Each structure stands twice: as structure tokens, then as C-alpha cells.
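target-v7.tsv (TSV, C-alpha atoms and all ligand atoms) appears below.
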```tsv
chain	number	residue	atom	x	y	z
E	1076	MET	CA	27.78	6.87	-7.44
E	1077	THR	CA	24.00	6.45	-7.25
E	1078	ASP	CA	24.33	2.94	-8.74
E	1079	ARG	CA	26.31	1.83	-5.71
E	1080	LEU	CA	23.39	2.62	-3.44
E	1081	PRO	CA	20.93	-0.14	-2.65
E	1082	HIS	CA	17.63	-0.01	-4.53
E	1083	PRO	CA	15.00	-0.97	-1.96
E	1084	ARG	CA	12.12	-3.03	-3.26
E	1085	ILE	CA	8.73	-1.53	-2.46
E	1086	LEU	CA	5.37	-3.20	-2.97
E	1087	VAL	CA	2.76	-0.65	-4.02
E	1088	PHE	CA	-0.99	-1.20	-4.03
E	1089	ALA	CA	-4.36	0.40	-3.32
E	1090	GLY	CA	-7.18	-0.86	-1.15
E	1091	SER	CA	-9.60	-0.65	-4.08
E	1092	ILE	CA	-10.11	-2.83	-7.13
E	1093	ARG	CA	-12.40	-0.39	-8.95
E	1094	ALA	CA	-11.28	0.22	-12.54
E	1095	GLY	CA	-11.43	4.00	-12.09
E	1096	SER	CA	-10.05	3.95	-8.55
E	1097	TYR	CA	-8.46	7.24	-7.47
E	1098	ASN	CA	-6.33	5.35	-4.99
E	1099	LYS	CA	-4.98	3.09	-7.74
E	1100	ARG	CA	-4.08	6.24	-9.67
E	1101	LEU	CA	-2.30	7.62	-6.63
E	1102	ALA	CA	-0.52	4.30	-6.06
E	1103	ARG	CA	0.63	4.24	-9.71
E	1104	LEU	CA	1.98	7.77	-9.39
E	1105	ALA	CA	3.76	6.78	-6.20
E	1106	ALA	CA	5.34	3.80	-7.98
E	1107	GLU	CA	6.72	6.15	-10.66
E	1108	ARG	CA	8.14	8.46	-8.01
E	1109	ILE	CA	9.67	5.60	-6.03
E	1110	ALA	CA	11.47	4.51	-9.21
E	1111	ARG	CA	12.67	8.08	-9.77
E	1112	SER	CA	14.00	8.17	-6.22
E	1113	GLY	CA	16.08	5.05	-6.79
E	1114	GLY	CA	13.73	2.40	-5.40
E	1115	HIS	CA	12.37	-0.68	-7.18
E	1116	PRO	CA	8.58	-0.43	-7.03
E	1117	THR	CA	6.24	-3.29	-7.81
E	1118	PHE	CA	2.73	-2.02	-8.46
E	1119	ILE	CA	0.06	-4.65	-8.00
E	1120	ASP	CA	-3.70	-4.45	-8.48
E	1121	LEU	CA	-5.54	-6.44	-5.82
E	1122	ARG	CA	-8.10	-7.18	-8.56
E	1123	ASP	CA	-5.53	-9.76	-9.74
E	1124	TYR	CA	-5.44	-11.48	-6.33
E	1125	PRO	CA	-9.05	-12.20	-5.37
E	1126	MET	CA	-9.53	-13.92	-2.04
E	1127	PRO	CA	-12.63	-15.01	-0.15
E	1128	LEU	CA	-13.65	-13.17	2.98
E	1129	TYR	CA	-11.52	-14.55	5.81
E	1130	ASP	CA	-13.25	-17.58	7.31
E	1131	GLY	CA	-11.59	-19.71	9.98
E	1132	ASP	CA	-13.49	-22.81	8.84
E	1133	LEU	CA	-12.32	-22.34	5.25
E	1134	GLU	CA	-8.77	-21.90	6.50
E	1135	ALA	CA	-8.99	-25.05	8.64
E	1136	ASP	CA	-10.38	-27.07	5.68
E	1137	GLN	CA	-8.33	-25.70	2.79
E	1138	GLY	CA	-5.49	-23.61	4.23
E	1139	LEU	CA	-4.63	-20.24	2.76
E	1140	PRO	CA	-6.07	-19.21	-0.62
E	1141	GLU	CA	-3.59	-19.56	-3.50
E	1142	ASN	CA	-3.50	-15.77	-3.95
E	1143	ALA	CA	-2.59	-15.26	-0.30
E	1144	LEU	CA	0.38	-17.57	-0.81
E	1145	VAL	CA	1.40	-15.67	-3.96
E	1146	LEU	CA	1.17	-12.33	-2.13
E	1147	ARG	CA	3.12	-13.72	0.84
E	1148	CYS	CA	5.99	-14.56	-1.53
E	1149	GLY	CA	5.72	-11.09	-3.06
E	1150	LEU	CA	5.80	-9.47	0.35
E	1151	ALA	CA	8.79	-11.51	1.47
E	1152	ASP	CA	10.63	-10.25	-1.59
E	1153	HIS	CA	10.13	-6.56	-0.74
E	1154	ASP	CA	11.64	-4.24	1.85
E	1155	GLY	CA	8.74	-1.85	2.17
E	1156	LEU	CA	5.18	-1.02	1.28
E	1157	LEU	CA	3.29	1.93	-0.09
E	1158	ILE	CA	-0.46	1.68	0.36
E	1159	ALA	CA	-3.12	4.02	-1.02
E	1160	SER	CA	-6.01	3.54	1.37
E	1161	PRO	CA	-9.54	4.52	0.30
E	1162	GLU	CA	-12.06	5.48	2.95
E	1163	TYR	CA	-15.37	3.70	3.50
E	1164	ASN	CA	-17.48	5.08	6.35
E	1165	SER	CA	-14.41	6.69	7.90
E	1166	PHE	CA	-12.64	3.34	7.86
E	1167	ILE	CA	-10.25	1.35	5.67
E	1168	THR	CA	-11.87	-0.80	3.02
E	1169	PRO	CA	-12.88	-4.41	3.75
E	1170	LEU	CA	-10.64	-5.39	0.81
E	1171	LEU	CA	-7.53	-3.95	2.46
E	1172	LYS	CA	-8.38	-5.48	5.84
E	1173	ASN	CA	-9.24	-8.86	4.35
E	1174	THR	CA	-6.03	-8.95	2.31
E	1175	ILE	CA	-3.89	-8.17	5.34
E	1176	ASP	CA	-5.85	-10.61	7.52
E	1177	TRP	CA	-5.15	-13.52	5.16
E	1178	LEU	CA	-1.49	-12.54	4.79
E	1179	THR	CA	-0.91	-12.50	8.53
E	1180	ARG	CA	-2.15	-16.08	9.02
E	1181	PRO	CA	0.42	-18.81	9.66
E	1182	HIS	CA	1.24	-21.25	6.88
E	1183	GLU	CA	3.29	-24.43	7.13
E	1184	GLY	CA	4.70	-23.37	10.47
E	1185	LYS	CA	5.66	-19.91	9.21
E	1186	SER	CA	4.00	-16.91	10.80
E	1187	GLY	CA	2.48	-14.41	8.40
E	1188	LEU	CA	3.19	-11.67	10.92
E	1189	GLU	CA	6.91	-12.33	10.49
E	1190	LEU	CA	6.58	-11.16	6.89
E	1191	PHE	CA	5.44	-7.72	8.01
E	1192	LYS	CA	7.71	-7.34	11.01
E	1193	GLY	CA	10.52	-4.85	10.46
E	1194	LYS	CA	9.12	-3.52	7.20
E	1195	TYR	CA	8.61	0.21	6.56
E	1196	ALA	CA	5.57	1.70	4.89
E	1197	ALA	CA	4.03	4.91	3.67
E	1198	VAL	CA	0.27	5.44	3.55
E	1199	VAL	CA	-1.56	7.89	1.29
E	1200	SER	CA	-5.20	8.28	0.31
E	1201	ALA	CA	-7.62	9.89	-2.14
E	1202	SER	CA	-11.33	10.49	-1.89
E	1203	PRO	CA	-13.99	12.59	-3.59
E	1204	GLY	CA	-14.71	13.97	-0.11
E	1205	GLY	CA	-13.17	17.04	1.52
E	1206	LEU	CA	-10.86	15.11	3.86
E	1207	GLY	CA	-9.29	13.02	1.11
E	1208	GLY	CA	-9.63	9.77	3.06
E	1209	LEU	CA	-7.47	11.02	5.92
E	1210	ARG	CA	-9.44	9.05	8.52
E	1211	SER	CA	-8.71	5.78	6.74
E	1212	GLN	CA	-5.00	6.62	6.87
E	1213	VAL	CA	-5.16	6.80	10.66
E	1214	LEU	CA	-6.66	3.32	10.80
E	1215	ALA	CA	-4.34	1.89	8.15
E	1216	ARG	CA	-1.41	3.20	10.21
E	1217	GLN	CA	-2.83	1.64	13.36
E	1218	LEU	CA	-3.30	-1.71	11.67
E	1219	LEU	CA	0.16	-1.72	10.10
E	1220	THR	CA	1.84	-0.60	13.31
E	1221	HIS	CA	0.15	-3.39	15.26
E	1222	ILE	CA	1.52	-6.00	12.88
E	1223	GLY	CA	5.08	-4.75	13.23
E	1224	VAL	CA	5.37	-2.30	10.33
E	1225	THR	CA	6.94	1.11	10.91
E	1226	VAL	CA	4.82	3.70	9.12
E	1227	LEU	CA	6.38	7.00	8.06
E	1228	PRO	CA	4.67	10.02	9.64
E	1229	ASP	CA	4.28	11.83	6.28
E	1230	GLN	CA	0.72	12.18	5.01
E	1231	LEU	CA	-0.93	12.95	1.70
E	1232	ALA	CA	-4.72	12.97	1.48
E	1233	VAL	CA	-6.02	13.98	-1.95
E	1234	ALA	CA	-9.43	15.60	-1.41
E	1235	ARG	CA	-12.04	16.07	-4.20
E	1236	ALA	CA	-10.21	13.35	-6.08
E	1237	GLY	CA	-12.62	13.54	-9.04
E	1238	GLU	CA	-11.00	16.84	-10.04
E	1239	ALA	CA	-7.51	16.22	-8.67
E	1240	PHE	CA	-5.99	14.25	-11.58
E	1241	ASP	CA	-5.33	15.38	-15.16
E	1242	ASP	CA	-5.89	13.29	-18.32
E	1243	GLN	CA	-2.50	11.63	-17.87
E	1244	GLY	CA	-3.39	10.59	-14.32
E	1245	ARG	CA	-1.03	13.15	-12.77
E	1246	LEU	CA	-1.91	15.34	-9.79
E	1247	LYS	CA	-2.94	18.79	-10.97
E	1248	ASP	CA	-1.88	20.47	-7.74
E	1249	GLU	CA	1.88	20.96	-7.81
E	1250	ALA	CA	2.11	21.06	-4.02
E	1251	GLN	CA	0.42	17.65	-3.77
E	1252	GLY	CA	2.79	16.26	-6.40
E	1253	GLU	CA	5.72	17.55	-4.35
E	1254	GLN	CA	4.25	16.02	-1.20
E	1255	LEU	CA	3.97	12.65	-2.92
E	1256	ASP	CA	7.55	13.01	-4.17
E	1257	ALA	CA	8.77	13.75	-0.65
E	1258	ILE	CA	6.95	10.74	0.80
E	1259	CYS	CA	8.35	8.38	-1.84
E	1260	ARG	CA	11.85	9.80	-1.48
E	1261	ARG	CA	11.72	9.47	2.28
E	1262	LEU	CA	10.56	5.86	2.07
E	1263	VAL	CA	13.36	4.97	-0.35
E	1264	GLU	CA	15.97	6.84	1.70
E	1265	THR	CA	14.81	5.31	4.98
E	1266	LEU	CA	15.02	1.81	3.51
E	1267	ARG	CA	18.39	2.61	1.97
E	1268	SER	CA	19.79	3.79	5.28
E	1269	LEU	CA	18.67	0.52	6.86
E	1270	LYS	CA	20.40	-1.51	4.15
E	1271	THR	CA	23.74	0.29	4.38
U	1301	LIG	C1	-19.51	2.12	1.44
U	1301	LIG	C2	-18.82	3.41	1.13
U	1301	LIG	C3	-18.55	4.30	2.15
U	1301	LIG	C4	-17.86	5.49	1.88
U	1301	LIG	N1	-17.51	6.30	2.93
U	1301	LIG	C5	-16.70	7.36	2.70
U	1301	LIG	C6	-16.16	8.11	3.79
U	1301	LIG	O1	-16.40	7.85	4.95
U	1301	LIG	N2	-15.34	9.15	3.51
U	1301	LIG	C7	-15.00	9.47	2.21
U	1301	LIG	O2	-14.23	10.41	2.02
U	1301	LIG	N3	-15.49	8.77	1.17
U	1301	LIG	C8	-16.32	7.72	1.38
U	1301	LIG	N4	-16.79	6.98	0.33
U	1301	LIG	C9	-16.49	7.40	-1.05
U	1301	LIG	C10	-15.14	6.82	-1.49
U	1301	LIG	O3	-14.10	7.63	-1.00
U	1301	LIG	C11	-15.12	6.77	-3.00
U	1301	LIG	O4	-16.04	5.79	-3.45
U	1301	LIG	C12	-13.74	6.53	-3.55
U	1301	LIG	O5	-13.79	6.74	-4.94
U	1301	LIG	C13	-13.23	5.13	-3.20
U	1301	LIG	O6	-11.90	5.00	-3.56
U	1301	LIG	P1	-11.41	4.53	-5.02
U	1301	LIG	O7	-11.71	5.65	-5.96
U	1301	LIG	O8	-9.96	4.29	-4.85
U	1301	LIG	O9	-12.18	3.27	-5.38
U	1301	LIG	C14	-17.48	5.79	0.56
U	1301	LIG	C15	-17.79	4.90	-0.47
U	1301	LIG	C16	-18.42	3.72	-0.20
U	1301	LIG	C17	-18.69	2.74	-1.32
```

Could you rewrite the structure in this file as C-alpha cells?
Amino acid sequence: MTDRLPHPRILVFAGSIRAGSYNKRLARLAAERIARSGGHPTFIDLRDYPMPLYDGDLEADQGLPENALVLRCGLADHDGLLIASPEYNSFITPLLKNTIDWLTRPHEGKSGLELFKGKYAAVVSASPGGLGGLRSQVLARQLLTHIGVTVLPDQLAVARAGEAFDDQGRLKDEAQGEQLDAICRRLVETLRSLKT
């Protein structure tokens, strides 16, 4: 029965390239849970897709960076997104903003914004601070909404992230694990309902 249901493809990444990134850990956990809920997650590390800081002159001279083109193809191939958004000075990271900025640029007559339009996303965050990066989620939601993505209202902000994960990278707090489960399930089910 379950096999007859569509398996929505969801691109999962964090707005941090740090090796020990808490948000990458959270994104990896989310990818596992998306798979368990019947989705097809693709976890990517933005470390593997370096891009220069957006520069209109560079774009005019050389077009989009190769990695932006690769990510555009990846995005086109997915139904939804799950983003773990770290918080820098109460904001999203420059990495996340820069990545989205490049992806939204037009290329060979095709709008980058079209790639985002109609997609669904979930946003989560982790931070060593007491708010768990919640303020960055607000801004990530705003950014995604403005480029045509529908963001689920569910929130998970993992505070004091240094102590929040066990040796296996799992969330120690059962309630947080259940929250992450619920978010991933809802994203998969929302995308499924749109496909059927
Ligand atoms: C420039 C800078 C600003 C930061 N500002 C905040 C902040 O406003 N709120 C917060 O909770 N953490 C802040 N932090 C701490 C980050 O949450 C912390 O470095 C976190 O580990 C980054 O996410 P990551 O583990 O996924 O790399 C800041 C870190 C940096 C480098």
C-alpha cells in the first residue's frame, strides 16, 4: 500500500560548512527521518559547492558559477527543501543567503526564481545559544516565502546545541526528536498530497 504512494524528493542542507556544524547534524537527522516517512531525501553539504560572493560584474563577465548550475539542476529535481539555518548576529548566515542569491539568478533565459516557485520547505535550526537560532528561522522563512516557497509553520530550534546531541549524532531530548519527526512527516505528507 505504502509503495503506491509517491515518494517526494526533498533536498536537505544546512547553512553552515563547518565540519562540526550542529545544523549539519540536524539536517542529517532530518534526512533520516524524511526517508523513514516515505520521502526521498538528498543531503548535501554546501562545502561541496563553493561559490564566490555574489558579484554582478562577475555574473556579467562569466555567468553563473559552475556550482550554482549544478545546484540549480539538483533543485529542479526535487519537490521540497529542508534547511537547517544557523544564526549569525540574529540573522541567517551569509553562506545561506549567497547560495540562494546565486540560485535565483536567471541563466540562459530561464529564471532561477521559477525553480523555487511552488516548492514546499521546512526550516529548523540549532545554536549553542538559548534561543536555538530561532531568529534566523524567521528570516529564512521570510526569504523563502518571498521567492515563492511555501514554508511549513512547524518550528524546531535546538538550544544549547553543544549538549543536545549524543555520540551518534542523535538528539538527546526525546521531545525534540519527536518534533523533528513531526516536521519531516508533515513535509513528506504535504508534498504527497500535492502529488496525488
Ligand atoms: C559571526 C557569528 C555570529 C553569531 N551570532 C549568533 C547569534 O546571533 N545567535 C546565536 O544563537 N548564535 C550566534 N552565533 C553562534 C552560532 O550559533 C554558532 O557558531 C553555531 O555553532 C553555528 O552553527 P553551526 O554549528 O551549524 O556551524 C554566532 C556565530 C558567529 C560566527

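Residues in contact range of Leu1121 in chain E, defined as at most 9 Å between all atoms listed in the file, with sequence neighbours fewer than 3 positions away removed, read Phe1088, Ala1089, Gly1090, Ser1091, Ile1092, Tyr1124, Pro1125, Leu1170, Leu1171 and Thr1174 of chain E.
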
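Each of E:Ala1257, E:Leu1104, E:Ala1234, E:Ala1196 was checked against ligand LIG 1301 (chain U) using all atoms listed in the file; the smallest atom-to-atom distance is that of E:Ala1234.
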
**OP:** Produce as a PyMOL selection string the set of residues near ligand LIG 1301 (chain U), where near means within 12 Å with only C-alpha atoms and all ligand atoms considered.
**Re:** chain E and resi 1088-1103+1120-1122+1158-1171+1199-1212+1232-1240

Subject >> Between CA of Leu1086 in chain E and CA of Ala1135 in chain E, distance in Å (one decimal) >> reply: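 Computing it gives 28.6 Å between the two atoms.
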
**OP:** Record the distance separating CA of Phe1191 in chain E and CA of Thr1265 in chain E, expressed in Å with one decimal.
**Re:**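 According to the coordinates, CA of Phe1191 in chain E and CA of Thr1265 in chain E are separated by 16.3 Å.
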
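As for CA of Gln1217 in chain E and CA of Val1198 in chain E, they are spaced 11.0 Å apart.
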
**OP:** Excluding Leu1227 in chain E and residues on its chain fewer than 4 positions from it, collect all residues at most 12 Å away from it, counting all atoms listed in the file, and give them as a ChimeraX atom specification.
**Re:** /E:1155-1158,1194-1199,1212-1213,1215-1217,1219-1220,1231,1257-1266

Original post:
Can you list, as a ChimeraX atom specification, every protein, DNA or RNA residue that comes within 8 Å of Leu1139 in chain E when you count only C-alpha atoms, leaving out same-chain residues fewer than 6 positions away?
Top reply: /E:1177,1180,1182

Subject >> Of the listed residues E:Ala1151, E:Ile1085, E:Ala1105, E:Leu1178, that which approaches Arg1245 in chain E most closely, counting all atoms listed in the file >> reply: E:Ala1105

For range 1257-1264 of chain E, take all atoms listed in the file, fit an axis-aligned box around them, add 3 Å to each of the six sides, then output centre and edge lengths in Å rounded to one decimal, as JSON.
```
{"center_x": 11.5, "center_y": 9.4, "center_z": 0.2, "size_x": 15.0, "size_y": 14.8, "size_z": 10.1}
```

Original post:
Of the candidates E:Leu1080, E:Leu1190, E:Ala1106, E:Ile1119, which shows the shortest atom-to-atom distance to Val1224 in chain E, using all atoms listed in the file?
Top reply: E:Leu1190

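Here the question is which of E:Gly1223, E:Gly1252, E:Pro1181, E:Gly1138 gets nearest to Glu1107 in chain E using only C-alpha atoms, and that residue is E:Gly1252.
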